[in-house]
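> I am attaching a structure below and will ask some questions about it afterwards.
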Amino acid sequence: MALVIATAFMVTAIAGCKSTPKDADLKTAVETAIQSSPNLSASGVAVDKGVVTITGQVTDEASKDALGKAAAAVPGVKSVVNNLTIEVAKVEVTADTPLALAVKDATKDFPTVAATVNDGVVTLKGELKKADLQKLMMAVNALKPKKVDNQLVIK
Amino acid sequence: MALQEKYKELIDAATSAGVNDLNVREQDGVLYIDGATSGAVKQQLWDSYERLDPNYASGDLVMNINSVAGIPEGAKLKVTTNSSNLNIRKGPSTNDDIVGKAARHEIVTLVGKENDQWWLIKTDDGEQGYSYTQYLTPVE
């Protein structure tokens, strides 16, 4: 009888342990759950009595939601404070001086086209045959402009 | 988000074609699509772009699809100018002197890549210098 009681006590104790893991263990488990995401950087996890706070930067809203859910799914987590911020990477735009040089090269074979560069925006003026337009656009788009303002008259 | 709707067909095509490092994002009213793929897929995506935005007149998409990233040094390239010869220059810019010419449809060899626009090439006659990649097509 004593053995049964002792066993029951142990089971209860273990179960009790399982339902309330230590905050430090939760922190490790949550870190493991979220840190494999390629869209997360500068992340941090804090746990206080089962309440998890996650911080860091993600690339989009969907990643923020997904990581919040991943943290909430860790056994023992009572609730999640999702303090992830969304940082959209700036589009890489070529500086005007090298861009203007590259645009000059790219438009050299299209003498009816006049191209100018201002603050990353490539403006195309003049006229061009329809058959040449795609080739020109491919070349100009590859130079990492901010925008291509095509004002060409298409023949 | 509206731009992603306008170019949905194009984005879907790029996704289903398995374009490498596909990156689609919108900033200040312009959609940027970057990635690397084969010449055939690049052509397909550009045809889609032209269909969705006739004459590329809206200025709301910058598409940089690199179809030459995987070409190794030593590869054979065909000169695909519109009609003229291809200039071979001393350095990687049109400001550099012309040191040779390659005829239209001549086959040359890739020696090295300065950047996505300028490659160092060598003709069968031994002329070596920089040419504009727009007029070089890998022989497949």
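How things are named: the first chain in the structure tokens is A, the next is B, and so on; residues count from 1 in each chain; ligands count from 1 in the order shown.
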Neighbours of region 9-26 of chain B within 8 Å (only C-alpha atoms; same-chain residues fewer than 6 positions away dropped), as a list in words?
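Contacts, with the query itself left out: Met1, Leu3, Tyr32, Ile33, Asp34, Gly35, Ala36, Thr37, Val41, Leu45, Ser48 and Tyr49 of chain B.
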> Residues of region 5-74 of chain B in helix (DSSP H, G or I) according to DSSP, as a tab-separated table (two decimals) with all heavy atoms, in the first residue's frame?

```tsv
chain	number	residue	atom	x	y	z
B	5	GLU	N	-0.64	42.21	-57.34
B	5	GLU	CA	-1.84	41.72	-58.03
B	5	GLU	C	-1.69	41.91	-59.54
B	5	GLU	O	-1.96	41.01	-60.32
B	5	GLU	CB	-3.09	42.47	-57.53
B	5	GLU	CG	-3.60	41.99	-56.19
B	5	GLU	CD	-3.99	40.51	-56.23
B	5	GLU	OE1	-4.75	40.12	-57.13
B	5	GLU	OE2	-3.52	39.74	-55.36
B	6	LYS	N	-1.27	43.12	-59.93
B	6	LYS	CA	-1.11	43.43	-61.36
B	6	LYS	C	-0.17	42.44	-62.03
B	6	LYS	O	-0.41	41.99	-63.14
B	6	LYS	CB	-0.59	44.86	-61.52
B	6	LYS	CG	-0.29	45.24	-62.97
B	6	LYS	CD	0.21	46.67	-63.09
B	6	LYS	CE	0.60	47.00	-64.53
B	6	LYS	NZ	1.16	48.35	-64.68
B	8	LYS	N	0.70	39.43	-60.89
B	8	LYS	CA	0.54	38.12	-60.28
B	8	LYS	C	0.94	36.99	-61.23
B	8	LYS	O	1.66	36.07	-60.86
B	8	LYS	CB	-0.91	37.93	-59.82
B	8	LYS	CG	-1.15	36.64	-59.06
B	8	LYS	CD	-2.56	36.59	-58.51
B	8	LYS	CE	-2.75	35.40	-57.57
B	8	LYS	NZ	-2.49	34.11	-58.20
B	9	GLU	N	0.50	37.10	-62.49
B	9	GLU	CA	0.79	36.06	-63.49
B	9	GLU	C	2.31	35.89	-63.64
B	9	GLU	O	2.83	34.77	-63.72
B	9	GLU	CB	0.16	36.47	-64.83
B	9	GLU	CG	0.46	35.52	-65.96
B	9	GLU	CD	0.10	36.12	-67.32
B	9	GLU	OE1	-0.93	36.83	-67.40
B	9	GLU	OE2	0.84	35.89	-68.29
B	10	LEU	N	3.01	37.01	-63.64
B	10	LEU	CA	4.47	37.00	-63.79
B	10	LEU	C	5.13	36.39	-62.55
B	10	LEU	O	6.03	35.53	-62.66
B	10	LEU	CB	4.93	38.45	-63.99
B	10	LEU	CG	6.40	38.81	-63.98
B	10	LEU	CD1	7.18	37.96	-64.95
B	10	LEU	CD2	6.56	40.28	-64.32
B	11	ILE	N	4.69	36.79	-61.38
B	11	ILE	CA	5.26	36.27	-60.13
B	11	ILE	C	4.99	34.78	-60.00
B	11	ILE	O	5.87	34.00	-59.64
B	11	ILE	CB	4.70	37.05	-58.91
B	11	ILE	CG1	5.11	38.52	-58.98
B	11	ILE	CG2	5.18	36.44	-57.60
B	11	ILE	CD1	4.33	39.44	-58.05
B	12	ASP	N	3.76	34.38	-60.34
B	12	ASP	CA	3.41	32.95	-60.29
B	12	ASP	C	4.28	32.14	-61.25
B	12	ASP	O	4.74	31.05	-60.93
B	12	ASP	CB	1.93	32.75	-60.62
B	12	ASP	CG	1.02	33.22	-59.49
B	12	ASP	OD1	1.55	33.51	-58.39
B	12	ASP	OD2	-0.21	33.31	-59.71
B	13	ALA	N	4.50	32.71	-62.45
B	13	ALA	CA	5.32	32.00	-63.45
B	13	ALA	C	6.76	31.85	-62.95
B	13	ALA	O	7.38	30.80	-63.10
B	13	ALA	CB	5.30	32.76	-64.78
B	14	ALA	N	7.28	32.91	-62.32
B	14	ALA	CA	8.65	32.85	-61.79
B	14	ALA	C	8.76	31.82	-60.67
B	14	ALA	O	9.74	31.08	-60.58
B	14	ALA	CB	9.08	34.23	-61.29
B	15	THR	N	7.72	31.77	-59.83
B	15	THR	CA	7.72	30.81	-58.72
B	15	THR	C	7.65	29.39	-59.25
B	15	THR	O	8.43	28.52	-58.84
B	15	THR	CB	6.51	31.08	-57.80
B	15	THR	OG1	6.55	32.46	-57.40
B	15	THR	CG2	6.58	30.21	-56.56
B	16	SER	N	6.74	29.14	-60.20
B	16	SER	CA	6.57	27.77	-60.68
B	16	SER	C	7.75	27.32	-61.54
B	16	SER	O	8.01	26.13	-61.65
B	16	SER	CB	5.24	27.60	-61.42
B	16	SER	OG	5.24	28.39	-62.57
B	39	GLY	N	18.00	31.21	-69.76
B	39	GLY	CA	17.64	32.19	-70.77
B	39	GLY	C	16.20	32.03	-71.22
B	39	GLY	O	15.50	33.01	-71.48
B	40	ALA	N	15.74	30.78	-71.32
B	40	ALA	CA	14.38	30.52	-71.79
B	40	ALA	C	13.34	31.04	-70.81
B	40	ALA	O	12.34	31.66	-71.20
B	40	ALA	CB	14.18	29.02	-72.02
B	41	VAL	N	13.57	30.82	-69.52
B	41	VAL	CA	12.62	31.30	-68.50
B	41	VAL	C	12.64	32.82	-68.44
B	41	VAL	O	11.60	33.47	-68.32
B	41	VAL	CB	12.92	30.67	-67.12
B	41	VAL	CG1	12.06	31.31	-66.04
B	41	VAL	CG2	12.68	29.17	-67.16
B	42	LYS	N	13.84	33.40	-68.54
B	42	LYS	CA	13.95	34.86	-68.55
B	42	LYS	C	13.09	35.44	-69.68
B	42	LYS	O	12.33	36.40	-69.48
B	42	LYS	CB	15.41	35.28	-68.72
B	42	LYS	CG	15.59	36.79	-68.83
B	42	LYS	CD	17.05	37.17	-69.01
B	42	LYS	CE	17.19	38.68	-69.18
B	42	LYS	NZ	18.59	39.12	-69.26
B	43	GLN	N	13.20	34.83	-70.86
B	43	GLN	CA	12.42	35.30	-72.01
B	43	GLN	C	10.92	35.20	-71.74
B	43	GLN	O	10.16	36.13	-72.01
B	43	GLN	CB	12.79	34.47	-73.25
B	43	GLN	CG	12.12	34.92	-74.53
B	43	GLN	CD	12.55	36.33	-74.91
B	43	GLN	OE1	13.72	36.62	-75.01
B	43	GLN	NE2	11.58	37.24	-75.09
B	44	GLN	N	10.52	34.09	-71.15
B	44	GLN	CA	9.11	33.86	-70.82
B	44	GLN	C	8.61	34.93	-69.84
B	44	GLN	O	7.52	35.48	-70.01
B	44	GLN	CB	8.99	32.46	-70.21
B	44	GLN	CG	7.59	32.06	-69.79
B	44	GLN	CD	7.60	30.95	-68.73
B	44	GLN	OE1	8.58	30.21	-68.61
B	44	GLN	NE2	6.54	30.84	-67.98
B	45	LEU	N	9.42	35.26	-68.84
B	45	LEU	CA	9.02	36.25	-67.84
B	45	LEU	C	8.93	37.65	-68.46
B	45	LEU	O	8.03	38.42	-68.13
B	45	LEU	CB	9.99	36.24	-66.65
B	45	LEU	CG	10.05	34.93	-65.85
B	45	LEU	CD1	11.07	35.02	-64.74
B	45	LEU	CD2	8.67	34.58	-65.29
B	46	TRP	N	9.86	37.94	-69.34
B	46	TRP	CA	9.82	39.26	-69.99
B	46	TRP	C	8.63	39.39	-70.93
B	46	TRP	O	8.04	40.46	-71.06
B	46	TRP	CB	11.14	39.55	-70.70
B	46	TRP	CG	12.10	40.21	-69.76
B	46	TRP	CD1	13.00	39.59	-68.94
B	46	TRP	CD2	12.19	41.61	-69.48
B	46	TRP	NE1	13.66	40.53	-68.17
B	46	TRP	CE2	13.19	41.77	-68.48
B	46	TRP	CE3	11.54	42.73	-69.96
B	46	TRP	CZ2	13.53	43.02	-67.97
B	46	TRP	CZ3	11.89	43.98	-69.46
B	46	TRP	CH2	12.88	44.11	-68.48
B	47	ASP	N	8.28	38.29	-71.59
B	47	ASP	CA	7.08	38.32	-72.47
B	47	ASP	C	5.83	38.55	-71.62
B	47	ASP	O	4.91	39.26	-72.03
B	47	ASP	CB	6.98	37.03	-73.27
B	47	ASP	CG	8.05	36.95	-74.35
B	47	ASP	OD1	8.67	38.00	-74.65
B	47	ASP	OD2	8.30	35.85	-74.87
B	48	SER	N	5.83	37.96	-70.43
B	48	SER	CA	4.71	38.14	-69.52
B	48	SER	C	4.64	39.61	-69.06
B	48	SER	O	3.56	40.20	-69.01
B	48	SER	CB	4.88	37.20	-68.32
B	48	SER	OG	3.91	37.43	-67.35
B	49	TYR	N	5.78	40.17	-68.71
B	49	TYR	CA	5.88	41.58	-68.30
B	49	TYR	C	5.30	42.47	-69.41
B	49	TYR	O	4.46	43.36	-69.14
B	49	TYR	CB	7.35	41.90	-68.04
B	49	TYR	CG	7.68	43.31	-67.55
B	49	TYR	CD1	6.70	44.29	-67.35
B	49	TYR	CD2	9.00	43.66	-67.27
B	49	TYR	CE1	7.04	45.56	-66.91
B	49	TYR	CE2	9.34	44.93	-66.83
B	49	TYR	CZ	8.36	45.89	-66.66
B	49	TYR	OH	8.69	47.13	-66.23
B	50	GLU	N	5.70	42.20	-70.62
B	50	GLU	CA	5.25	43.04	-71.75
B	50	GLU	C	3.74	42.93	-71.97
B	50	GLU	O	3.07	43.90	-72.33
B	50	GLU	CB	6.01	42.64	-73.02
B	50	GLU	CG	5.77	43.59	-74.18
B	50	GLU	CD	6.80	43.45	-75.30
B	50	GLU	OE1	7.94	43.05	-75.03
B	50	GLU	OE2	6.44	43.72	-76.45
B	51	ARG	N	3.20	41.74	-71.71
B	51	ARG	CA	1.75	41.52	-71.85
B	51	ARG	C	0.99	42.29	-70.77
B	51	ARG	O	-0.04	42.92	-71.05
B	51	ARG	CB	1.45	40.02	-71.73
B	51	ARG	CG	0.61	39.47	-72.84
B	51	ARG	CD	0.26	38.00	-72.75
B	51	ARG	NE	0.69	37.24	-71.61
B	51	ARG	CZ	1.79	36.47	-71.59
B	51	ARG	NH1	2.57	36.39	-72.65
B	51	ARG	NH2	2.10	35.78	-70.52
B	52	LEU	N	1.51	42.24	-69.54
B	52	LEU	CA	0.80	42.86	-68.42
B	52	LEU	C	0.96	44.38	-68.40
B	52	LEU	O	0.13	45.09	-67.84
B	52	LEU	CB	1.31	42.27	-67.09
B	52	LEU	CG	1.07	40.76	-66.92
B	52	LEU	CD1	1.81	40.23	-65.71
B	52	LEU	CD2	-0.42	40.46	-66.81
B	54	PRO	N	1.85	46.83	-71.36
B	54	PRO	CA	2.23	47.05	-72.77
B	54	PRO	C	3.23	48.20	-72.92
B	54	PRO	O	3.06	49.27	-72.34
B	54	PRO	CB	0.89	47.38	-73.44
B	54	PRO	CG	-0.12	46.68	-72.59
B	54	PRO	CD	0.39	46.78	-71.19
B	55	ASN	N	4.31	47.92	-73.69
B	55	ASN	CA	5.39	48.88	-73.93
B	55	ASN	C	6.11	49.32	-72.65
B	55	ASN	O	6.82	50.32	-72.66
B	55	ASN	CB	4.89	50.10	-74.70
B	55	ASN	CG	4.52	49.76	-76.13
B	55	ASN	OD1	4.98	48.75	-76.67
B	55	ASN	ND2	3.70	50.59	-76.75
B	56	TYR	N	5.92	48.59	-71.58
B	56	TYR	CA	6.62	48.89	-70.30
B	56	TYR	C	6.43	50.36	-69.94
B	56	TYR	O	7.37	51.04	-69.52
B	56	TYR	CB	8.12	48.57	-70.41
B	56	TYR	CG	8.41	47.23	-71.04
B	56	TYR	CD1	8.73	47.12	-72.39
B	56	TYR	CD2	8.36	46.07	-70.28
B	56	TYR	CE1	9.00	45.88	-72.97
B	56	TYR	CE2	8.63	44.83	-70.84
B	56	TYR	CZ	8.95	44.75	-72.19
B	56	TYR	OH	9.21	43.52	-72.75
```
> Starting from chain A, keep only residues with some atom at most 6 Å from an atom of chain B, counting only C-alpha atoms, and report them as a PyMOL selection string.
chain A and resi 105+141-142+148-150
> The selected residues should be written to file as a PDB file, in the first residue's frame (atoms: all heavy atoms).

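What follows is the written file result-v8.pdb:
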```pdb
ATOM      1  N   ASP A 105      26.333  52.796 -71.623  1.00  0.00           N
ATOM      2  CA  ASP A 105      26.766  51.568 -72.295  1.00  0.00           C
ATOM      3  C   ASP A 105      25.575  50.783 -72.835  1.00  0.00           C
ATOM      4  O   ASP A 105      25.600  50.278 -73.958  1.00  0.00           O
ATOM      5  CB  ASP A 105      27.537  50.665 -71.311  1.00  0.00           C
ATOM      6  CG  ASP A 105      28.906  51.239 -70.949  1.00  0.00           C
ATOM      7  OD1 ASP A 105      29.356  52.168 -71.639  1.00  0.00           O
ATOM      8  OD2 ASP A 105      29.500  50.751 -69.972  1.00  0.00           O
ATOM      9  N   ASN A 141      17.004  47.405 -66.997  1.00  0.00           N
ATOM     10  CA  ASN A 141      16.486  46.845 -65.739  1.00  0.00           C
ATOM     11  C   ASN A 141      17.577  46.109 -64.956  1.00  0.00           C
ATOM     12  O   ASN A 141      17.503  45.997 -63.734  1.00  0.00           O
ATOM     13  CB  ASN A 141      15.323  45.889 -66.005  1.00  0.00           C
ATOM     14  CG  ASN A 141      13.988  46.590 -66.069  1.00  0.00           C
ATOM     15  OD1 ASN A 141      13.150  46.459 -65.193  1.00  0.00           O
ATOM     16  ND2 ASN A 141      13.779  47.386 -67.116  1.00  0.00           N
ATOM     17  N   ALA A 142      18.592  45.597 -65.668  1.00  0.00           N
ATOM     18  CA  ALA A 142      19.645  44.825 -65.001  1.00  0.00           C
ATOM     19  C   ALA A 142      20.647  45.708 -64.274  1.00  0.00           C
ATOM     20  O   ALA A 142      21.518  45.210 -63.571  1.00  0.00           O
ATOM     21  CB  ALA A 142      20.367  43.949 -66.029  1.00  0.00           C
ATOM     22  N   VAL A 148      12.382  52.802 -63.916  1.00  0.00           N
ATOM     23  CA  VAL A 148      12.623  53.111 -65.324  1.00  0.00           C
ATOM     24  C   VAL A 148      11.392  53.838 -65.855  1.00  0.00           C
ATOM     25  O   VAL A 148      10.297  53.287 -65.896  1.00  0.00           O
ATOM     26  CB  VAL A 148      12.881  51.835 -66.164  1.00  0.00           C
ATOM     27  CG1 VAL A 148      13.157  52.219 -67.613  1.00  0.00           C
ATOM     28  CG2 VAL A 148      14.040  51.040 -65.584  1.00  0.00           C
ATOM     29  N   ASP A 149      11.602  55.104 -66.196  1.00  0.00           N
ATOM     30  CA  ASP A 149      10.509  55.928 -66.697  1.00  0.00           C
ATOM     31  C   ASP A 149      10.605  55.927 -68.225  1.00  0.00           C
ATOM     32  O   ASP A 149      11.389  56.665 -68.816  1.00  0.00           O
ATOM     33  CB  ASP A 149      10.656  57.348 -66.123  1.00  0.00           C
ATOM     34  CG  ASP A 149       9.511  58.249 -66.543  1.00  0.00           C
ATOM     35  OD1 ASP A 149       8.557  57.748 -67.175  1.00  0.00           O
ATOM     36  OD2 ASP A 149       9.579  59.456 -66.252  1.00  0.00           O
ATOM     37  N   ASN A 150       9.815  55.053 -68.830  1.00  0.00           N
ATOM     38  CA  ASN A 150       9.904  54.862 -70.280  1.00  0.00           C
ATOM     39  C   ASN A 150       8.951  55.809 -71.001  1.00  0.00           C
ATOM     40  O   ASN A 150       7.749  55.590 -71.018  1.00  0.00           O
ATOM     41  CB  ASN A 150       9.571  53.399 -70.604  1.00  0.00           C
ATOM     42  CG  ASN A 150       9.529  53.153 -72.100  1.00  0.00           C
ATOM     43  OD1 ASN A 150      10.056  53.939 -72.880  1.00  0.00           O
ATOM     44  ND2 ASN A 150       8.887  52.075 -72.494  1.00  0.00           N
TER      45      ASN A 150
END
```
> Tell me, in Å to one decimal, how far CA of Ala139 (chain A) is from CA of Ala102 (chain A).
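Separation between CA of Ala139 (chain A) and CA of Ala102 (chain A): 9.4 Å.
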> Applying 9 Å and only C-alpha atoms, which residues near region 49-55 of chain A remain after dropping the ones on its own chain fewer than 5 positions away? List them as a PyMOL selection string.
chain A and resi 20-23+26-27+30+42-44+67-68+71-72+76-85
> Rounded to one decimal, what separation in Å do you get between CA of Thr116 (chain A) and CA of Ala69 (chain B)?
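So the answer is 27.7 Å.
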> Pick out the closest residue to Lys101 (chain B) from this set: B:Ser83, B:Ser38, B:Thr123, B:Thr137. Count only C-alpha atoms.
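Selected residue with least distance to Lys101 (chain B): B:Thr123.
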> Env of region 104-113 of chain B: 6 Å cut, atoms = only C-alpha atoms, seq-sep filter 3 positions within chain, self excluded. Answer as a PyMOL selection string.
chain B and resi 73-81+85+119-123
> Residues as selected, N, CA and C atoms, written as a PDB file, in the first residue's frame, can you do that?

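Output saved as selection_22.pdb:
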```pdb
ATOM      1  N   GLU B  73      33.650  30.033 -66.723  1.00  0.00           N
ATOM      2  CA  GLU B  73      34.759  30.491 -67.559  1.00  0.00           C
ATOM      3  C   GLU B  73      35.154  29.364 -68.501  1.00  0.00           C
ATOM      4  N   GLY B  74      35.505  29.733 -69.731  1.00  0.00           N
ATOM      5  CA  GLY B  74      35.830  28.719 -70.726  1.00  0.00           C
ATOM      6  C   GLY B  74      34.639  28.379 -71.603  1.00  0.00           C
ATOM      7  N   ALA B  75      33.458  28.863 -71.232  1.00  0.00           N
ATOM      8  CA  ALA B  75      32.253  28.579 -72.015  1.00  0.00           C
ATOM      9  C   ALA B  75      32.324  29.280 -73.370  1.00  0.00           C
ATOM     10  N   LYS B  76      31.664  28.691 -74.350  1.00  0.00           N
ATOM     11  CA  LYS B  76      31.601  29.272 -75.692  1.00  0.00           C
ATOM     12  C   LYS B  76      30.390  30.200 -75.766  1.00  0.00           C
ATOM     13  N   LEU B  77      30.606  31.366 -76.355  1.00  0.00           N
ATOM     14  CA  LEU B  77      29.546  32.365 -76.459  1.00  0.00           C
ATOM     15  C   LEU B  77      29.390  32.774 -77.917  1.00  0.00           C
ATOM     16  N   LYS B  78      28.140  32.990 -78.296  1.00  0.00           N
ATOM     17  CA  LYS B  78      27.862  33.434 -79.662  1.00  0.00           C
ATOM     18  C   LYS B  78      27.609  34.934 -79.632  1.00  0.00           C
ATOM     19  N   VAL B  79      28.163  35.630 -80.603  1.00  0.00           N
ATOM     20  CA  VAL B  79      27.956  37.073 -80.708  1.00  0.00           C
ATOM     21  C   VAL B  79      26.566  37.323 -81.303  1.00  0.00           C
ATOM     22  N   THR B  80      25.695  37.943 -80.503  1.00  0.00           N
ATOM     23  CA  THR B  80      24.313  38.152 -80.950  1.00  0.00           C
ATOM     24  C   THR B  80      23.983  39.645 -80.986  1.00  0.00           C
ATOM     25  N   THR B  81      24.755  40.378 -81.772  1.00  0.00           N
ATOM     26  CA  THR B  81      24.452  41.785 -82.023  1.00  0.00           C
ATOM     27  C   THR B  81      23.293  41.853 -83.010  1.00  0.00           C
ATOM     28  N   ASN B  85      29.258  44.422 -85.919  1.00  0.00           N
ATOM     29  CA  ASN B  85      30.269  43.664 -85.195  1.00  0.00           C
ATOM     30  C   ASN B  85      30.227  44.044 -83.717  1.00  0.00           C
ATOM     31  N   TRP B 119      32.150  41.264 -69.781  1.00  0.00           N
ATOM     32  CA  TRP B 119      32.913  40.034 -69.653  1.00  0.00           C
ATOM     33  C   TRP B 119      34.194  40.128 -70.480  1.00  0.00           C
ATOM     34  N   LEU B 120      35.228  39.496 -69.961  1.00  0.00           N
ATOM     35  CA  LEU B 120      36.488  39.366 -70.692  1.00  0.00           C
ATOM     36  C   LEU B 120      36.349  38.151 -71.614  1.00  0.00           C
ATOM     37  N   ILE B 121      36.534  38.392 -72.908  1.00  0.00           N
ATOM     38  CA  ILE B 121      36.383  37.289 -73.873  1.00  0.00           C
ATOM     39  C   ILE B 121      37.613  37.185 -74.769  1.00  0.00           C
ATOM     40  N   LYS B 122      37.703  36.068 -75.471  1.00  0.00           N
ATOM     41  CA  LYS B 122      38.819  35.835 -76.382  1.00  0.00           C
ATOM     42  C   LYS B 122      38.264  35.248 -77.682  1.00  0.00           C
ATOM     43  N   THR B 123      38.711  35.775 -78.801  1.00  0.00           N
ATOM     44  CA  THR B 123      38.260  35.233 -80.089  1.00  0.00           C
ATOM     45  C   THR B 123      39.192  34.092 -80.505  1.00  0.00           C
TER      46      THR B 123
END
```
> To test your reading of the structure, identify every residue in region 17-137 of chain A that backbone DSSP assigns to strand (DSSP E or B), and report it as a ChimeraX atom specification.
/A:40-48,51-58,79-86,113-118,121-128
> At what distance in Å, to one decimal, does CA of Gln128 (chain B) lie from CA of Arg89 (chain B)?
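Calculated distance between CA of Arg89 (chain B) and CA of Gln128 (chain B) is 8.3 Å.
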> Within 9 Å of Ala24 (chain A), counting only C-alpha atoms, which residues qualify if same-chain residues fewer than 5 places away don't, as a list in words?
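The filter keeps Ala29, Ala46 and Val47 of chain A.
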> Output all heavy atoms of each residue in that selection to a file, as a JSON list (two decimals), in the first residue's frame.

```
[["chain", "number", "residue", "atom", "x", "y", "z"],
["A", 29, "ALA", "N", 13.77, 26.00, -25.10],
["A", 29, "ALA", "CA", 12.87, 25.33, -26.05],
["A", 29, "ALA", "C", 12.30, 26.31, -27.07],
["A", 29, "ALA", "O", 12.20, 26.00, -28.27],
["A", 29, "ALA", "CB", 11.73, 24.65, -25.27],
["A", 46, "ALA", "N", 12.61, 36.00, -23.72],
["A", 46, "ALA", "CA", 12.58, 36.15, -22.26],
["A", 46, "ALA", "C", 11.36, 35.40, -21.75],
["A", 46, "ALA", "O", 10.30, 35.41, -22.40],
["A", 46, "ALA", "CB", 12.50, 37.62, -21.90],
["A", 47, "VAL", "N", 11.50, 34.74, -20.61],
["A", 47, "VAL", "CA", 10.39, 33.98, -20.04],
["A", 47, "VAL", "C", 10.20, 34.37, -18.57],
["A", 47, "VAL", "O", 11.17, 34.42, -17.82],
["A", 47, "VAL", "CB", 10.64, 32.45, -20.13],
["A", 47, "VAL", "CG1", 9.41, 31.69, -19.64],
["A", 47, "VAL", "CG2", 10.99, 32.05, -21.55]]
```
> With a distance cut-off of 10 Å and only C-alpha atoms, select the neighbouring residues of Thr97 (chain A), excluding the residue or stretch itself and same-chain residues fewer than 6 positions from it, and output the selection as an MDAnalysis selection string.
chainID A and resid 103 117:120
> Can those selected residues be exported to a file as a JSON list (two decimals), in the first residue's frame so that it contains N, CA and C atoms?

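Output saved as again34.json:
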```json
[["chain", "number", "residue", "atom", "x", "y", "z"],
["A", 103, "VAL", "N", 24.17, 53.05, -67.99],
["A", 103, "VAL", "CA", 23.04, 53.32, -68.88],
["A", 103, "VAL", "C", 23.56, 53.76, -70.26],
["A", 117, "VAL", "N", 19.71, 60.06, -66.12],
["A", 117, "VAL", "CA", 19.63, 59.44, -64.79],
["A", 117, "VAL", "C", 19.52, 60.53, -63.75],
["A", 118, "ASN", "N", 18.53, 60.40, -62.87],
["A", 118, "ASN", "CA", 18.40, 61.36, -61.79],
["A", 118, "ASN", "C", 17.86, 60.66, -60.55],
["A", 119, "ASP", "N", 18.65, 60.64, -59.48],
["A", 119, "ASP", "CA", 18.26, 60.01, -58.23],
["A", 119, "ASP", "C", 17.81, 58.56, -58.43],
["A", 120, "GLY", "N", 18.56, 57.85, -59.24],
["A", 120, "GLY", "CA", 18.28, 56.44, -59.47],
["A", 120, "GLY", "C", 17.22, 56.14, -60.51]]
```
